[in-house]
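Following: one structure in structure tokens, then a few remarks.
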Amino acid sequence: MINKDNTSTINKNQTKGNKVKKTKTPKTIREVAIAKGKIQPETIEKSAMQYNARLTASDIRLMSPEELASLKVAEEYQREEKKSHIVRLTKVLLEGGEFLPPIVVAVRKNEDGSSDRYIVDGQQRRRALVEANLPQIVIEVPFDSITEEKSHFLGIQRGMTVNTSHIIAVSDGEVADEIRRLAKEDGHPAKDRIFLGKGRRLKTQIPAKSIENLVVKYKLPCEKLDDCLKVLFGAFKDREIPASAVTAAMLRGFIGFYTAFETELDPKDEAQMTSLYGILTAAQKFPRKGDNSTSGGKSCQTILTNEFKRCKAA
């Protein structure tokens, strides 16, 4: 097509060469969420029914600061209080009168007919409101069990920025169960060396989320996690674990390296473990900290392999 000024134009639905241009229809947030979660229609329908049933059965009421203070904390799944966050919320309440979201509470029935109320969502908010001496709207939900409470708590936390290691520490499932077992098993090199999200992470610990990634992301069979961690923590035995050493690329590379040399690695061989420690902490040789790519992992695997072979030959 030629315009009056003799300049050529291309149809909006075409590209050069008369190829039809494919226009993408923007997806809605709902469509993106469904695609990311691979959520089936029957799951959506079931979830909506469960949501509405819980909402209908729930009791919404205003609690005084004294009542808020009497609420219990579910040790089975709740995180520790975060003082800096509580101070920040208290400051907002005292100087600005901002309104905080409602607190979700589970009502647990006791054998004698009495009941106790446990915070499911809003532990930090509750503490700030008590400190500010302010009332709050509370949603009391009749959960059927502590497992159901925990499921609700985890469902909320997965959609928020929280300590992922804590989520693993209270989750159910083969990988989470195995990580908790190894973190607490007497005599295992991983005992007390896996950070489960409570308190401050020690310099001798690796986050539980990083350990989970060995299986979930980097495809180490769960049944091999025990022996793999004997080697990994055998190398870090009685030594600090630099944050620069625990990168996604290094962990991905370590799994490839461990798989290749599994039969040759001996966590009881102190000389071998000392050499491995030196290789793992040679951060300047590895790809940058944020590199989670497959190529970054392969690069780390190559470095680990070459250095290990060189140490064996020395």
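Here, A, B, ... name the chains of the structure tokens in the order displayed, residue numbers run from 1 inside each chain, and ligands are numbered from 1 in the same displayed order.
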
Residues within 7 Å of region 301-308 of chain A, please, as a CSV table (one decimal) with N, CA and C atoms, in the first residue's frame. Count only C-alpha atoms; anything in the same chain fewer than 2 positions from it doesn't count.
chain,number,residue,atom,x,y,z
A,253,GLY,N,25.5,-26.9,41.3
A,253,GLY,CA,26.7,-27.6,40.9
A,253,GLY,C,27.2,-28.7,41.8
A,254,PHE,N,26.9,-28.5,43.1
A,254,PHE,CA,27.3,-29.5,44.1
A,254,PHE,C,26.6,-30.8,43.9
A,256,GLY,N,25.4,-32.0,41.1
A,256,GLY,CA,26.0,-32.7,39.9
A,256,GLY,C,27.3,-33.3,40.3
A,257,PHE,N,28.1,-32.6,41.0
A,257,PHE,CA,29.4,-33.1,41.5
A,257,PHE,C,29.2,-34.3,42.4
A,279,ILE,N,37.4,-26.0,48.5
A,279,ILE,CA,36.8,-25.9,47.2
A,279,ILE,C,35.5,-25.1,47.3
A,297,GLY,N,25.2,-23.4,37.3
A,297,GLY,CA,25.4,-24.7,38.1
A,297,GLY,C,26.4,-25.6,37.4
A,298,LYS,N,26.4,-25.7,36.1
A,298,LYS,CA,27.4,-26.5,35.4
A,298,LYS,C,28.8,-26.0,35.5
A,299,SER,N,28.9,-24.6,35.5
A,299,SER,CA,30.2,-24.0,35.7
A,299,SER,C,30.8,-24.4,37.1
A,310,ARG,N,42.2,-32.6,41.2
A,310,ARG,CA,43.6,-32.1,41.4
A,310,ARG,C,44.0,-32.4,42.9
A,311,CYS,N,43.1,-32.2,43.8
A,311,CYS,CA,43.4,-32.6,45.2
A,311,CYS,C,43.7,-34.0,45.4
A,312,LYS,N,42.9,-34.9,44.7
A,312,LYS,CA,43.2,-36.3,44.8
A,312,LYS,C,44.5,-36.7,44.3

**Asked** Looking only at the backbone, which of the residues in region 115-236 of chain A does DSSP tag as alpha helix (DSSP H), as a ChimeraX atom specification?
**Response** /A:123-132,146-157,164-170,174-184,208-216,225-235

**Message:** To one decimal place in Å, what is the distance between CA of Glu76 (chain A) and CA of Glu149 (chain A)?
**Reply:**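 Going from CA of Glu76 (chain A) over to CA of Glu149 (chain A), I get 9.7 Å.
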
**Prompt:** What separation in Å, quoted to one decimal, exists between CA of Ala249 (chain A) and CA of Cys228 (chain A)?
**Reply:**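 Between CA of Ala249 (chain A) and CA of Cys228 (chain A) the gap works out to 16.8 Å.
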
**Request:** Considering only C-alpha atoms, return as a PyMOL selection string whatever protein or nucleic-acid residues lie within 10 Å of Glu131 (chain A), sequence-local ones (same chain, fewer than 3 positions apart) excluded.
**Result:** chain A and resi 65+69+86-87+89-91+93-94+125-128+134

Expected file contents, prior selection, C-alpha atoms, as a PDB file, in the first residue's frame:
ATOM      1  CA  PRO A  65      -6.905  -4.986  74.270  1.00  0.00           C
ATOM      2  CA  ALA A  69      -3.679 -10.138  75.184  1.00  0.00           C
ATOM      3  CA  ILE A  86       6.035  -5.019  66.191  1.00  0.00           C
ATOM      4  CA  VAL A  87       7.759  -1.726  67.069  1.00  0.00           C
ATOM      5  CA  LEU A  89       3.366  -1.353  63.752  1.00  0.00           C
ATOM      6  CA  THR A  90       3.026   0.089  67.261  1.00  0.00           C
ATOM      7  CA  LYS A  91       4.565   3.371  66.085  1.00  0.00           C
ATOM      8  CA  LEU A  93      -0.847   2.923  65.583  1.00  0.00           C
ATOM      9  CA  LEU A  94       0.301   5.459  68.163  1.00  0.00           C
ATOM     10  CA  ARG A 125      -0.493  -7.178  64.785  1.00  0.00           C
ATOM     11  CA  ARG A 126      -2.019  -8.511  68.011  1.00  0.00           C
ATOM     12  CA  ARG A 127       1.109  -7.627  70.003  1.00  0.00           C
ATOM     13  CA  ALA A 128       1.262  -4.119  68.505  1.00  0.00           C
ATOM     14  CA  LEU A 134      -6.343  -0.520  71.085  1.00  0.00           C
TER      15      LEU A 134
END

Please identify every residue of region 51-101 of chain A that has at least one atom no farther than 10 Å from an atom of region 186-200 of chain A, counting only C-alpha atoms, and for each give the shortest atom pair and the distance in Å to one decimal, arranged by chain then increasing number, as a tab-separated table.
residue	atom	partner	partner_atom	distance
A:Gln78	CA	A:Lys198	CA	9.8
A:Arg79	CA	A:Lys198	CA	6.8
A:Glu80	CA	A:Lys198	CA	6.4
A:Glu81	CA	A:Gly199	CA	9.3
A:Lys82	CA	A:Gly199	CA	9.2

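Between Asp269 (chain A) and the residues A:Ile241, A:Leu251, A:Ile34, A:Ala235, the shortest atom-to-atom distance, using only C-alpha atoms, involves A:Ala235.
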
What lies within 6 Å of Val141 (chain A) using only C-alpha atoms, ignoring chain neighbours under 2 positions off, as a compact mmCIF listing (two decimals) with C-alpha atoms, in the first residue's frame?
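Saved as around-v4.txt:
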# COMPACT_ATOMS: atom_id res chain seq x y z
CA SER A 58 -17.11 -17.69 61.24
CA ALA A 106 -9.07 -20.53 65.77
CA PHE A 143 -11.34 -25.11 62.15

**Backbone-only DSSP, strand (DSSP E or B) members of region 70-177 of chain A, as a PyMOL selection string** = chain A and resi 72-73+103-109+115-121+136-141

Expected file contents, prior selection, C-alpha atoms, as a tab-separated table (two decimals), in the first residue's frame:
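So the final result, stored in again00.tsv, reads:
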chain	number	residue	atom	x	y	z
A	72	LYS	CA	-2.78	-17.91	72.67
A	73	VAL	CA	-0.04	-18.57	70.12
A	103	ILE	CA	-6.84	-11.04	63.15
A	104	VAL	CA	-7.83	-14.62	62.31
A	105	VAL	CA	-8.37	-16.81	65.37
A	106	ALA	CA	-9.07	-20.53	65.77
A	107	VAL	CA	-11.45	-21.62	68.53
A	108	ARG	CA	-10.32	-24.92	70.08
A	109	LYS	CA	-12.83	-26.78	72.21
A	115	SER	CA	-12.59	-23.19	74.71
A	116	ASP	CA	-9.28	-21.48	73.97
A	117	ARG	CA	-8.54	-19.05	71.16
A	118	TYR	CA	-5.33	-19.35	69.12
A	119	ILE	CA	-3.95	-16.84	66.64
A	120	VAL	CA	-3.77	-18.23	63.10
A	121	ASP	CA	-2.94	-14.98	61.31
A	136	GLN	CA	-9.35	-4.93	67.02
A	137	ILE	CA	-11.81	-6.82	64.84
A	138	VAL	CA	-11.23	-10.58	65.10
A	139	ILE	CA	-12.53	-13.35	62.85
A	140	GLU	CA	-13.11	-16.54	64.82
A	141	VAL	CA	-12.97	-19.52	62.47

**Message:** Rounded to one decimal, what separation in Å do you get between CA of Ala35 (chain A) and CA of Asn52 (chain A)?
**Reply:** 23.3 Å

**Item:** Minimum-distance residue to Arg88 (chain A), chosen among A:Ala74, A:Ile44, A:Ala314, A:Leu129 (using only C-alpha atoms)
**Value:** A:Leu129

10 Å contact set for Glu66 (chain A), only C-alpha atoms, chain neighbours under 4 positions out, as an mmCIF file with C-alpha atoms, in the first residue's frame:
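Contents of part35.cif, freshly written:
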data_model
loop_
_atom_site.group_PDB
_atom_site.id
_atom_site.type_symbol
_atom_site.label_atom_id
_atom_site.label_comp_id
_atom_site.auth_asym_id
_atom_site.auth_seq_id
_atom_site.Cartn_x
_atom_site.Cartn_y
_atom_site.Cartn_z
ATOM 1 C CA SER A 70 -5.356 -13.377 76.304
ATOM 2 C CA LEU A 71 -5.149 -14.956 72.831
ATOM 3 C CA VAL A 130 -1.946 -4.624 72.884
ATOM 4 C CA ASN A 133 -3.933 -0.348 74.027
ATOM 5 C CA LEU A 134 -6.343 -0.520 71.085
ATOM 6 C CA PRO A 135 -9.226 -2.914 70.250
#
